[in-house]
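Comments concern the structure below.
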Amino acid sequence: METVRWALRTYRGSALLLIGTAAAGLTAVVSALMIGRNTLRLAPLQTPDLGITFTAHAASPADVQAYALDRLSGILVMLAAGAAVVCGLTLLSVCVSRASARRAERDLHRAVGASRRRLVRDGLVEGGVMAVAAAIVGIAATLITVRSALAAWPGTTVVPGAFAPMVVTLVAASVLVLGVALPALGAGRMPTPAPPTAVPPSLTVAGLQLAISFAVLLAATQIGSHAHLLVGNHNDAARGDGQVLQLDTTGSPAERAQHFADVIRRSGGVTSITSPGALEGLGTVDVAITDCGRCSEGGIATPQRAVAVAFSVVSPDTFRALNIRLVEGRPIVASDDWTAPRTVVVNHALASAHFENGRAVGRHIQIGEGPNNRFEVVGVVEDTQPVALGGSLEPPYAVYGSVLQLPPTTVDVLVRPPLRAALDQLGTVRRVVSENQWWAEQAAPLGWFANALWIGGGLVLVLAVVGTGAATHLWVAALMPELALRRAVGARRRDVLIQVLARAALVALAAVGFGFVLSDLTSAPLASLVPGMSGADFAASMRMALLLVVAALAGAAIPAWRASRAQPATLAALL
């Protein structure tokens, strides 16, 4: 034990670095894992009762939202996996660097009679002490992080289990203990130094760490930008001076339709009555049959086509309230009431893809099952991008029915100016929020997710910087004979400094390239969470690339400075 205490005191800098690395790694991995293992829930959208018999494969807006949350959880688990890889590589790099610095000391112990068994035993005790300290700090930081994150989530949460965090903690502790103890097996042996290369394996490992952090931080930046744009664009377009009410209506379908018509007729401003999810761009997903006309595919006539669509019901003011432009025909009007023939409006994508020559007006479409679900297309509107979480999971084809023909029992009402008193007759008001708050709530999950990735990516970047420093230290140690030769023939200190930093910068640039590859692999699940996010943001990518290069140079700065400060006589002894 005396030997262990002496080692911890003498090499306390590297010991603290190992403890901090393991604690930061535990915080990043366990936090993302605990939050991502199906603990997040949003207030579910009410399933609209539209009076249509949908097929067994139909998916309501609530189903789409739940699936999107599962994808979000999966991405957080991927973050935990990436953080685990970076943490493990960093721990190993620091352990190897520490063992390299202590090689002379261990060789001396062997020379005076200490056995390898004793050295390994002392290493296990030393590593165990550091592992316990890292576990205490890491678990405390994890609890604070998880509680803060779950408290900030704009919904409900389920308390995660403790099995996975315990396994991760034990694995991290084992890596730390073995990393400290196993180098003692090589005490007294003089390994042949590997010749320096342009990009040694140690720096390649550092590049992998930097690439993972680049991919995570780039995703966080893009998601955060889209969340801010979502709120800003809708506030500008909709003027944000209204209210959104969620109502539970009563009565028969005919009575509900009459109540809706009365409110719309007496309204002096904008009154949009829609099925739950329609304001956010979510509809009930089901298979529809279009009356395509003289259409064909591959030379085979297809007068009728089965296509997945997102169906929702709207009122005459909805398209104006949401700034959806009419392309052809007419919108939903007040005369599309309970007694009128059933009509729908389709979006431009559906009209151009599944109706003859893109002319959908006057043709028919079958929604769901049963003979009474045949609708005439009376208009075509422009395509819109869903704004809700999971909106990109819905098909690009949208169909809008009339709320006066298919009156749901639960509706969302957007009114400008507020008409609360006039709406009381419709039923029970479950919730009232301002229009600005409504759009802010739609962006809140994306903003939270961006912050989670920023925190996780930041911790991963810190670990990558530490790993870069440890890797550069080993690389510089292997490069010392070459540096000695350069200093012997007249190279200056700044030449040595520039040489080391230049190679670290090259590794960082390579990491940026690999980071783009990793980012591309995660683009598909991210696109399902962030509607409208496609491709890389060039400005954000350049900012992240610059941050990565600076981080790599920061990690390599201390080893480079030490190499440049070494005296030529000291270096010459290595030749």
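Simple scheme: letters A, B, ... for chains in structure tokens order, numbers from 1 for residues in each chain, numbers from 1 for ligands in the order shown.
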**Request:** Could you find all residues in stretch 3-161 of chain A that DSSP calls strand (DSSP E or B) from the backbone, and write them as a list of chain:residue names?
**Result:**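 Checking each residue of stretch 3-161 of chain A, the strand (DSSP E or B) ones are A:Leu40, A:Arg41, A:Thr53, A:Ala59, A:Thr156, A:Thr157.
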*asked:* Env of A:Ile498: 10 Å cut, atoms = only C-alpha atoms, seq-sep filter 4 positions within chain, self excluded. Answer as a VMD selection string.
replied: chain A and resid 493 to 494 502 to 504 560 to 561 564
With N, CA and C atoms retained, write the just-selected residues as a CSV table (one decimal), in the first residue's frame.
```csv
chain,number,residue,atom,x,y,z
A,493,ARG,N,13.2,25.7,-32.3
A,493,ARG,CA,12.1,25.2,-31.5
A,493,ARG,C,10.8,25.3,-32.2
A,494,ARG,N,10.6,26.4,-32.9
A,494,ARG,CA,9.3,26.6,-33.5
A,494,ARG,C,9.1,25.7,-34.7
A,502,ALA,N,1.2,20.6,-37.0
A,502,ALA,CA,0.8,20.4,-38.4
A,502,ALA,C,0.2,19.0,-38.6
A,503,ARG,N,0.9,18.0,-38.0
A,503,ARG,CA,0.4,16.6,-38.1
A,503,ARG,C,-0.9,16.4,-37.3
A,504,ALA,N,-1.0,17.1,-36.2
A,504,ALA,CA,-2.3,17.0,-35.4
A,504,ALA,C,-3.4,17.7,-36.2
A,560,ALA,N,3.5,19.0,-27.8
A,560,ALA,CA,4.3,19.8,-28.8
A,560,ALA,C,5.2,20.8,-28.1
A,561,TRP,N,4.6,21.5,-27.1
A,561,TRP,CA,5.4,22.5,-26.4
A,561,TRP,C,6.6,21.8,-25.7
A,564,SER,N,9.3,20.9,-28.1
A,564,SER,CA,10.0,22.0,-28.6
A,564,SER,C,11.0,22.6,-27.6
```
Exercise for review: Write out as a ChimeraX atom specification each polymer residue whose atoms come within 9 Å of A:His473, counting only C-alpha atoms; drop sequence neighbours fewer than 2 positions from it.
Suggested key: /A:97,468-471,475-478,556,558-560
Practice item. Considering only C-alpha atoms, return as JSON, numbers by chain whatever protein or nucleic-acid residues lie within 12 Å of A:Leu282, sequence-local ones (same chain, fewer than 4 positions apart) excluded. Key: {"A": [45, 46, 47, 48, 59, 60, 61, 62, 63, 64, 65, 274, 275, 276, 277, 278, 309, 310, 311, 312, 313, 384, 385, 386, 387, 388, 389, 390, 391, 392, 393, 394, 395, 396, 397, 398, 399, 400, 442, 531]}
Near stretch 507-514 of chain A, within 7 Å and counting only C-alpha atoms, which residues show up once chain neighbours fewer than 3 positions away are dropped, as a list in words?
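Listed by chain and then number, they are Leu203, Gly207, Leu208, Leu210, Ala211, Phe214, Arg503, Ala504, Val517, Leu518, Ala545, Leu548, Val549 and Ala552 of chain A.
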Write out the residues from the selection above, keeping N, CA and C atoms, as a PDB file, in the first residue's frame.
```
ATOM      1  N   LEU A 203      -2.491   8.350 -33.412  1.00  0.00           N
ATOM      2  CA  LEU A 203      -3.195   9.535 -33.878  1.00  0.00           C
ATOM      3  C   LEU A 203      -4.422   9.170 -34.702  1.00  0.00           C
ATOM      4  N   GLY A 207      -8.128  10.551 -34.201  1.00  0.00           N
ATOM      5  CA  GLY A 207      -8.987  11.037 -35.281  1.00  0.00           C
ATOM      6  C   GLY A 207     -10.377  10.433 -35.217  1.00  0.00           C
ATOM      7  N   LEU A 208     -10.499   9.154 -34.874  1.00  0.00           N
ATOM      8  CA  LEU A 208     -11.799   8.517 -34.723  1.00  0.00           C
ATOM      9  C   LEU A 208     -12.603   9.181 -33.609  1.00  0.00           C
ATOM     10  N   LEU A 210     -12.333  12.272 -32.521  1.00  0.00           N
ATOM     11  CA  LEU A 210     -12.752  13.590 -32.980  1.00  0.00           C
ATOM     12  C   LEU A 210     -13.893  13.488 -33.992  1.00  0.00           C
ATOM     13  N   ALA A 211     -13.863  12.465 -34.859  1.00  0.00           N
ATOM     14  CA  ALA A 211     -14.908  12.301 -35.865  1.00  0.00           C
ATOM     15  C   ALA A 211     -16.265  12.041 -35.212  1.00  0.00           C
ATOM     16  N   PHE A 214     -17.550  15.242 -33.822  1.00  0.00           N
ATOM     17  CA  PHE A 214     -17.966  16.124 -34.915  1.00  0.00           C
ATOM     18  C   PHE A 214     -19.377  15.771 -35.386  1.00  0.00           C
ATOM     19  N   ARG A 503       0.919  18.011 -37.983  1.00  0.00           N
ATOM     20  CA  ARG A 503       0.438  16.642 -38.114  1.00  0.00           C
ATOM     21  C   ARG A 503      -0.857  16.445 -37.333  1.00  0.00           C
ATOM     22  N   ALA A 504      -0.989  17.107 -36.184  1.00  0.00           N
ATOM     23  CA  ALA A 504      -2.250  17.048 -35.436  1.00  0.00           C
ATOM     24  C   ALA A 504      -3.381  17.688 -36.236  1.00  0.00           C
ATOM     25  N   VAL A 517     -18.986  11.371 -42.909  1.00  0.00           N
ATOM     26  CA  VAL A 517     -19.512  10.035 -43.213  1.00  0.00           C
ATOM     27  C   VAL A 517     -20.442   9.571 -42.093  1.00  0.00           C
ATOM     28  N   LEU A 518     -20.007   9.732 -40.847  1.00  0.00           N
ATOM     29  CA  LEU A 518     -20.854   9.351 -39.716  1.00  0.00           C
ATOM     30  C   LEU A 518     -22.134  10.180 -39.682  1.00  0.00           C
ATOM     31  N   ALA A 545     -16.169  22.116 -38.158  1.00  0.00           N
ATOM     32  CA  ALA A 545     -14.834  21.707 -38.618  1.00  0.00           C
ATOM     33  C   ALA A 545     -13.758  22.570 -37.973  1.00  0.00           C
ATOM     34  N   LEU A 548     -13.316  21.555 -34.441  1.00  0.00           N
ATOM     35  CA  LEU A 548     -12.601  20.295 -34.328  1.00  0.00           C
ATOM     36  C   LEU A 548     -11.095  20.485 -34.495  1.00  0.00           C
ATOM     37  N   VAL A 549     -10.703  21.316 -35.462  1.00  0.00           N
ATOM     38  CA  VAL A 549      -9.279  21.572 -35.667  1.00  0.00           C
ATOM     39  C   VAL A 549      -8.679  22.257 -34.444  1.00  0.00           C
ATOM     40  N   ALA A 552      -8.286  19.709 -31.683  1.00  0.00           N
ATOM     41  CA  ALA A 552      -7.136  18.820 -31.911  1.00  0.00           C
ATOM     42  C   ALA A 552      -5.830  19.534 -31.605  1.00  0.00           C
TER      43      ALA A 552
END
```
Quiz item: Just how far from atom CA of A:Val411 is atom CA of A:Ala254, in Å to one decimal?
Solution: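 Spanning atom CA of A:Ala254 to atom CA of A:Val411 is a straight-line distance of 15.3 Å.
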| Which residues, written as a ChimeraX atom specification, have at least one atom at most 12 Å from A:Gly155, with only C-alpha atoms counted and residues fewer than 5 positions away on the same chain left out? | /A:39-44,69,149-150,441-442,444-445,448
Between atom CA of A:Met130 and atom CA of A:Ala15 lies a distance of 7.1 Å
ask   = What are the DSSP alpha helix (DSSP H) residues of stretch 209-438 of chain A, as a ChimeraX atom specification?
value = /A:209-238,253-266,318-321,348-354,420-423,435-438
Give me the residues near A:Cys292 as a count of residues only, where near means some atom within 9 Å (using only C-alpha atoms) and where sequence neighbours in that chain fewer than 2 positions away do not count. 16
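The nearest approach to A:Asn373 among the residues A:Leu414, A:Ala32, A:Ala24, A:Phe54, with only C-alpha atoms taken into account, belongs to A:Phe54.
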Counting only C-alpha atoms, which residue out of A:Val177, A:Ala215, A:Ile144, A:Val429 sits closest to A:Leu245?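 Of the candidates, the smallest distance to A:Leu245 is held by A:Val429.
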Across A:Ala551, A:Val378, A:Leu404, A:Leu326, the smallest distance to A:Val344, with only C-alpha atoms counted, is shown by A:Val378
Between atom CA of A:Ala261 and atom CA of A:Leu247 lies a distance of 15.3 Å
